[in-house]
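The next block holds one structure in the form of structure tokens; read it before the comments.
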Amino acid sequence: MCGPTAAEGGEDGAKNAAGDPLLALLNRASSDGAKFWRGLCPWLHVEDEGFRQAVRRSVWPYAEGGEALADQADAWGERLVNEGYFIAQPEELSLPWAVDVAAVARGVEALIATGLPPSSILAYDEPWAMASQLDQLVRVVSGGNEPIMDWAAFHVRASPSSPSSSSSSAPAGWPPHRDRGSDDSVHPGF
């Protein structure tokens, strides 16, 4: 359960927000709604029905496609069973992404620079558009499993000297870890 926002918790909420930059941002997000998120990443979409309509027309039709799509999905499915993963090269996909993937990455970097966790990117339409495009592919390749939308977003720097690096002494790459749910839920408001 989140603590009270300044708007909900009166003076105590305002004091908590003043001492916690993340809570202050979340209070602004709560009060300003879509306008807040558009202000952080104006190149991305928030509650944009025109964008959503365009995405609906670009779902990869693996469940409805022709023989070539079925053969490709079968090959990926076999690799998934035998290797535990598969790789879909851009030229193997029947349609291009409906989103600018580099713009989504830039959005994650902008959100991190603001002090928000990477999973904040889910406030935008683009990640959901990508999930929508992948829906039929996931179902066909995995033998009927449906995406459950239990997601997290991460920001993994390629090298300490990368332009988006916030600290040149911080290690790069993905440190040793075990796969489990995101810790974003420990942040108030997530």
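Every chain in the structure tokens has a letter given in the order shown (A, B, ...), and although residue numbers restart at 1 in each chain, ligands are simply numbered from 1 in the order shown.
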
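Near region 75-84 of chain A, within 8 Å and counting only C-alpha atoms, sit Val140, Val141, Ser142 and Gly143 of chain A, not including residues fewer than 5 positions from it in the same chain.
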
Identify, on the basis of only C-alpha atoms, every residue whose closest approach to Ala110 (chain A) does not exceed 9 Å; exclude the query and any residue fewer than 6 positions from it along the same chain; express the result as a PyMOL selection string.
chain A and resi 40-41+116

Calculated over only C-alpha atoms, which of the candidates A:Ala24, A:Val138, A:Ala68, A:Ile112 has the smallest distance to Arg157 (chain A)?
A:Ile112

For Arg57 (chain A), find every residue with an atom within 12 Å (counting only C-alpha atoms), except residues of its own chain fewer than 2 positions away, and show them as a ChimeraX atom specification.
/A:50-55,59-61,95-98,129,132-133

May I have the selected residues written with all heavy atoms, as a short mmCIF file (atom, residue, chain, number, x, y, z; two decimals), in the first residue's frame?
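To be explicit, this is the file written out as part_4.cif:
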data_model
loop_
_atom_site.label_atom_id
_atom_site.label_comp_id
_atom_site.auth_asym_id
_atom_site.auth_seq_id
_atom_site.Cartn_x
_atom_site.Cartn_y
_atom_site.Cartn_z
N GLY A 50 -5.55 7.26 -31.79
CA GLY A 50 -5.08 7.14 -33.17
C GLY A 50 -3.90 6.18 -33.27
O GLY A 50 -3.83 5.35 -34.18
N PHE A 51 -2.98 6.28 -32.34
CA PHE A 51 -1.83 5.39 -32.29
C PHE A 51 -2.30 3.95 -32.05
O PHE A 51 -1.85 3.02 -32.71
CB PHE A 51 -0.87 5.84 -31.19
CG PHE A 51 0.32 4.93 -31.01
CD1 PHE A 51 1.34 4.92 -31.95
CD2 PHE A 51 0.41 4.11 -29.92
CE1 PHE A 51 2.43 4.08 -31.79
CE2 PHE A 51 1.50 3.27 -29.74
CZ PHE A 51 2.51 3.26 -30.68
N ARG A 52 -3.23 3.78 -31.12
CA ARG A 52 -3.75 2.43 -30.82
C ARG A 52 -4.41 1.81 -32.04
O ARG A 52 -4.26 0.61 -32.30
CB ARG A 52 -4.74 2.51 -29.67
CG ARG A 52 -4.10 2.83 -28.34
CD ARG A 52 -5.15 2.94 -27.27
NE ARG A 52 -4.57 3.44 -26.04
CZ ARG A 52 -5.27 3.84 -25.00
NH1 ARG A 52 -6.60 3.79 -25.04
NH2 ARG A 52 -4.67 4.29 -23.92
N GLN A 53 -5.14 2.60 -32.81
CA GLN A 53 -5.79 2.08 -34.02
C GLN A 53 -4.75 1.61 -35.03
O GLN A 53 -4.92 0.57 -35.66
CB GLN A 53 -6.71 3.14 -34.64
CG GLN A 53 -7.94 3.46 -33.83
CD GLN A 53 -8.87 2.27 -33.69
OE1 GLN A 53 -9.00 1.45 -34.58
NE2 GLN A 53 -9.52 2.17 -32.54
N ALA A 54 -3.69 2.38 -35.18
CA ALA A 54 -2.62 2.00 -36.11
C ALA A 54 -1.98 0.69 -35.68
O ALA A 54 -1.67 -0.18 -36.51
CB ALA A 54 -1.58 3.11 -36.20
N VAL A 55 -1.78 0.52 -34.39
CA VAL A 55 -1.17 -0.70 -33.87
C VAL A 55 -2.08 -1.90 -34.14
O VAL A 55 -1.61 -2.97 -34.52
CB VAL A 55 -0.87 -0.56 -32.37
CG1 VAL A 55 -0.51 -1.91 -31.75
CG2 VAL A 55 0.24 0.45 -32.15
N VAL A 59 -0.75 -6.09 -36.11
CA VAL A 59 -0.49 -7.30 -35.34
C VAL A 59 0.08 -8.35 -36.28
O VAL A 59 -0.42 -8.55 -37.39
CB VAL A 59 -1.80 -7.81 -34.67
CG1 VAL A 59 -1.60 -9.18 -34.05
CG2 VAL A 59 -2.26 -6.82 -33.63
N TRP A 60 1.14 -9.03 -35.84
CA TRP A 60 1.72 -10.07 -36.67
C TRP A 60 0.78 -11.26 -36.72
O TRP A 60 0.49 -11.88 -35.70
CB TRP A 60 3.10 -10.46 -36.14
CG TRP A 60 4.09 -9.36 -36.33
CD1 TRP A 60 4.17 -8.50 -37.38
CD2 TRP A 60 5.12 -8.97 -35.43
NE1 TRP A 60 5.20 -7.61 -37.21
CE2 TRP A 60 5.80 -7.88 -36.01
CE3 TRP A 60 5.55 -9.44 -34.21
CZ2 TRP A 60 6.89 -7.27 -35.41
CZ3 TRP A 60 6.63 -8.82 -33.61
CH2 TRP A 60 7.29 -7.75 -34.20
N PRO A 61 0.28 -11.63 -37.88
CA PRO A 61 -0.82 -12.60 -38.00
C PRO A 61 -0.37 -14.06 -38.03
O PRO A 61 -0.75 -14.81 -38.92
CB PRO A 61 -1.47 -12.19 -39.31
CG PRO A 61 -0.30 -11.72 -40.13
CD PRO A 61 0.63 -11.03 -39.15
N LEU A 95 5.87 -8.11 -40.39
CA LEU A 95 5.62 -6.67 -40.39
C LEU A 95 6.69 -5.99 -39.54
O LEU A 95 7.22 -6.59 -38.61
CB LEU A 95 4.25 -6.36 -39.77
CG LEU A 95 3.01 -6.83 -40.50
CD1 LEU A 95 1.79 -6.64 -39.63
CD2 LEU A 95 2.85 -6.05 -41.79
N PRO A 96 6.98 -4.74 -39.80
CA PRO A 96 7.92 -4.03 -38.92
C PRO A 96 7.23 -3.70 -37.59
O PRO A 96 6.01 -3.76 -37.47
CB PRO A 96 8.24 -2.75 -39.70
CG PRO A 96 7.05 -2.55 -40.57
CD PRO A 96 6.52 -3.92 -40.90
N TRP A 97 8.03 -3.37 -36.60
CA TRP A 97 7.46 -2.90 -35.34
C TRP A 97 6.57 -1.69 -35.61
O TRP A 97 6.90 -0.85 -36.44
CB TRP A 97 8.55 -2.49 -34.36
CG TRP A 97 9.26 -3.63 -33.69
CD1 TRP A 97 10.54 -4.03 -33.92
CD2 TRP A 97 8.72 -4.51 -32.70
NE1 TRP A 97 10.83 -5.10 -33.12
CE2 TRP A 97 9.73 -5.42 -32.36
CE3 TRP A 97 7.49 -4.63 -32.07
CZ2 TRP A 97 9.56 -6.43 -31.42
CZ3 TRP A 97 7.31 -5.63 -31.13
CH2 TRP A 97 8.33 -6.51 -30.81
N ALA A 98 5.49 -1.59 -34.89
CA ALA A 98 4.58 -0.44 -35.02
C ALA A 98 5.09 0.75 -34.21
O ALA A 98 4.48 1.81 -34.24
CB ALA A 98 3.19 -0.83 -34.54
N ALA A 129 1.89 -1.64 -27.23
CA ALA A 129 1.77 -1.89 -28.67
C ALA A 129 2.68 -3.04 -29.07
O ALA A 129 2.29 -3.92 -29.85
CB ALA A 129 2.12 -0.63 -29.46
N SER A 132 1.11 -6.21 -27.98
CA SER A 132 -0.02 -6.53 -28.85
C SER A 132 0.46 -7.17 -30.14
O SER A 132 -0.11 -8.15 -30.63
CB SER A 132 -0.82 -5.27 -29.14
OG SER A 132 -1.87 -5.53 -30.03
N GLN A 133 1.54 -6.62 -30.70
CA GLN A 133 2.08 -7.19 -31.93
C GLN A 133 2.58 -8.61 -31.72
O GLN A 133 2.47 -9.45 -32.61
CB GLN A 133 3.23 -6.33 -32.46
CG GLN A 133 2.77 -5.12 -33.24
CD GLN A 133 3.92 -4.48 -33.97
OE1 GLN A 133 4.63 -3.67 -33.39
NE2 GLN A 133 4.10 -4.84 -35.22
#

So which residues of region 7-164 of chain A fall under helix (DSSP H, G or I) by DSSP, listed as a ChimeraX atom specification?
/A:7-19,21-32,34-40,49-56,67-83,90-92,101-114,118-123,125-141

Output for the residues just chosen: C-alpha atoms as a CSV table (one decimal), in the first residue's frame:
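What landed in again-v1.csv:
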chain,number,residue,atom,x,y,z
A,7,ALA,CA,-3.0,15.7,-2.0
A,8,GLU,CA,-4.4,12.8,0.1
A,9,GLY,CA,-2.3,13.0,3.2
A,10,GLY,CA,-2.3,16.7,3.8
A,11,GLU,CA,0.8,18.1,5.5
A,12,ASP,CA,2.4,14.7,6.3
A,13,GLY,CA,2.0,13.7,2.6
A,14,ALA,CA,3.6,17.0,1.6
A,15,LYS,CA,6.5,16.5,4.0
A,16,ASN,CA,7.1,12.9,2.8
A,17,ALA,CA,7.1,14.1,-0.8
A,18,ALA,CA,9.5,16.9,0.0
A,19,GLY,CA,12.0,14.4,1.5
A,21,PRO,CA,12.1,12.8,-4.8
A,22,LEU,CA,10.4,9.7,-6.2
A,23,LEU,CA,7.4,10.2,-4.1
A,24,ALA,CA,7.3,13.9,-5.2
A,25,LEU,CA,7.4,12.7,-8.9
A,26,LEU,CA,4.6,10.2,-8.3
A,27,ASN,CA,2.5,12.8,-6.6
A,28,ARG,CA,2.9,15.0,-9.7
A,29,ALA,CA,2.1,12.0,-11.9
A,30,SER,CA,-1.0,11.3,-9.9
A,31,SER,CA,-2.3,14.8,-10.1
A,32,ASP,CA,-1.3,15.6,-13.7
A,34,ALA,CA,-1.3,11.8,-18.9
A,35,LYS,CA,0.0,15.4,-19.1
A,36,PHE,CA,2.8,14.5,-16.7
A,37,TRP,CA,4.0,11.5,-18.7
A,38,ARG,CA,3.7,13.4,-22.0
A,39,GLY,CA,5.9,16.1,-20.5
A,40,LEU,CA,8.7,13.6,-19.6
A,49,GLU,CA,-6.4,6.4,-29.7
A,50,GLY,CA,-5.1,7.1,-33.2
A,51,PHE,CA,-1.8,5.4,-32.3
A,52,ARG,CA,-3.7,2.4,-30.8
A,53,GLN,CA,-5.8,2.1,-34.0
A,54,ALA,CA,-2.6,2.0,-36.1
A,55,VAL,CA,-1.2,-0.7,-33.9
A,56,ARG,CA,-4.3,-2.8,-34.2
A,67,GLU,CA,2.1,-21.4,-44.9
A,68,ALA,CA,5.3,-19.4,-44.7
A,69,LEU,CA,4.3,-17.8,-41.4
A,70,ALA,CA,3.2,-21.1,-40.0
A,71,ASP,CA,6.6,-22.7,-41.1
A,72,GLN,CA,8.5,-19.9,-39.5
A,73,ALA,CA,6.5,-20.1,-36.2
A,74,ASP,CA,7.0,-23.9,-36.2
A,75,ALA,CA,10.8,-23.5,-36.5
A,76,TRP,CA,10.8,-21.0,-33.6
A,77,GLY,CA,8.6,-23.3,-31.6
A,78,GLU,CA,11.0,-26.2,-32.1
A,79,ARG,CA,13.9,-24.1,-31.1
A,80,LEU,CA,12.0,-22.9,-28.0
A,81,VAL,CA,11.4,-26.5,-26.9
A,82,ASN,CA,14.9,-27.7,-27.7
A,83,GLU,CA,17.0,-24.7,-26.6
A,90,PRO,CA,13.8,-8.4,-38.0
A,91,GLU,CA,13.9,-9.7,-41.5
A,92,GLU,CA,12.0,-12.8,-40.4
A,101,VAL,CA,12.1,0.9,-30.6
A,102,ALA,CA,15.0,3.3,-30.2
A,103,ALA,CA,12.5,6.0,-29.0
A,104,VAL,CA,11.3,3.5,-26.3
A,105,ALA,CA,14.9,3.0,-25.2
A,106,ARG,CA,15.4,6.8,-25.1
A,107,GLY,CA,12.2,7.0,-23.0
A,108,VAL,CA,13.6,4.5,-20.4
A,109,GLU,CA,16.8,6.6,-20.2
A,110,ALA,CA,14.8,9.8,-19.8
A,111,LEU,CA,12.7,8.3,-17.1
A,112,ILE,CA,15.8,7.1,-15.2
A,113,ALA,CA,17.4,10.5,-15.5
A,114,THR,CA,14.2,11.9,-13.8
A,118,PRO,CA,12.7,1.8,-15.7
A,119,SER,CA,9.3,0.1,-15.5
A,120,SER,CA,7.7,3.6,-15.6
A,121,ILE,CA,8.0,3.1,-19.4
A,122,LEU,CA,4.8,1.1,-19.0
A,123,ALA,CA,2.9,4.4,-18.6
A,125,ASP,CA,1.4,3.1,-25.2
A,126,GLU,CA,4.5,1.9,-27.0
A,127,PRO,CA,5.4,-1.1,-24.8
A,128,TRP,CA,1.8,-2.3,-24.9
A,129,ALA,CA,1.8,-1.9,-28.7
A,130,MET,CA,4.8,-4.2,-28.8
A,131,ALA,CA,3.0,-6.7,-26.6
A,132,SER,CA,0.0,-6.5,-28.8
A,133,GLN,CA,2.1,-7.2,-31.9
A,134,LEU,CA,3.7,-10.2,-30.3
A,135,ASP,CA,0.5,-11.7,-29.0
A,136,GLN,CA,-0.3,-14.2,-31.8
A,137,LEU,CA,3.4,-15.0,-32.2
A,138,VAL,CA,3.7,-16.0,-28.6
A,139,ARG,CA,0.6,-18.1,-28.7
A,140,VAL,CA,1.6,-20.0,-31.8
A,141,VAL,CA,5.3,-20.5,-31.0

Do you have the CA of Asp100 (chain A)-CA of Tyr124 (chain A) distance handy?
12.6 Å

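You can rank A:Val99, A:Leu44, A:Pro147, A:His155 by their closest distance to Pro117 (chain A) using only C-alpha atoms, and at the top of that list sits A:His155.
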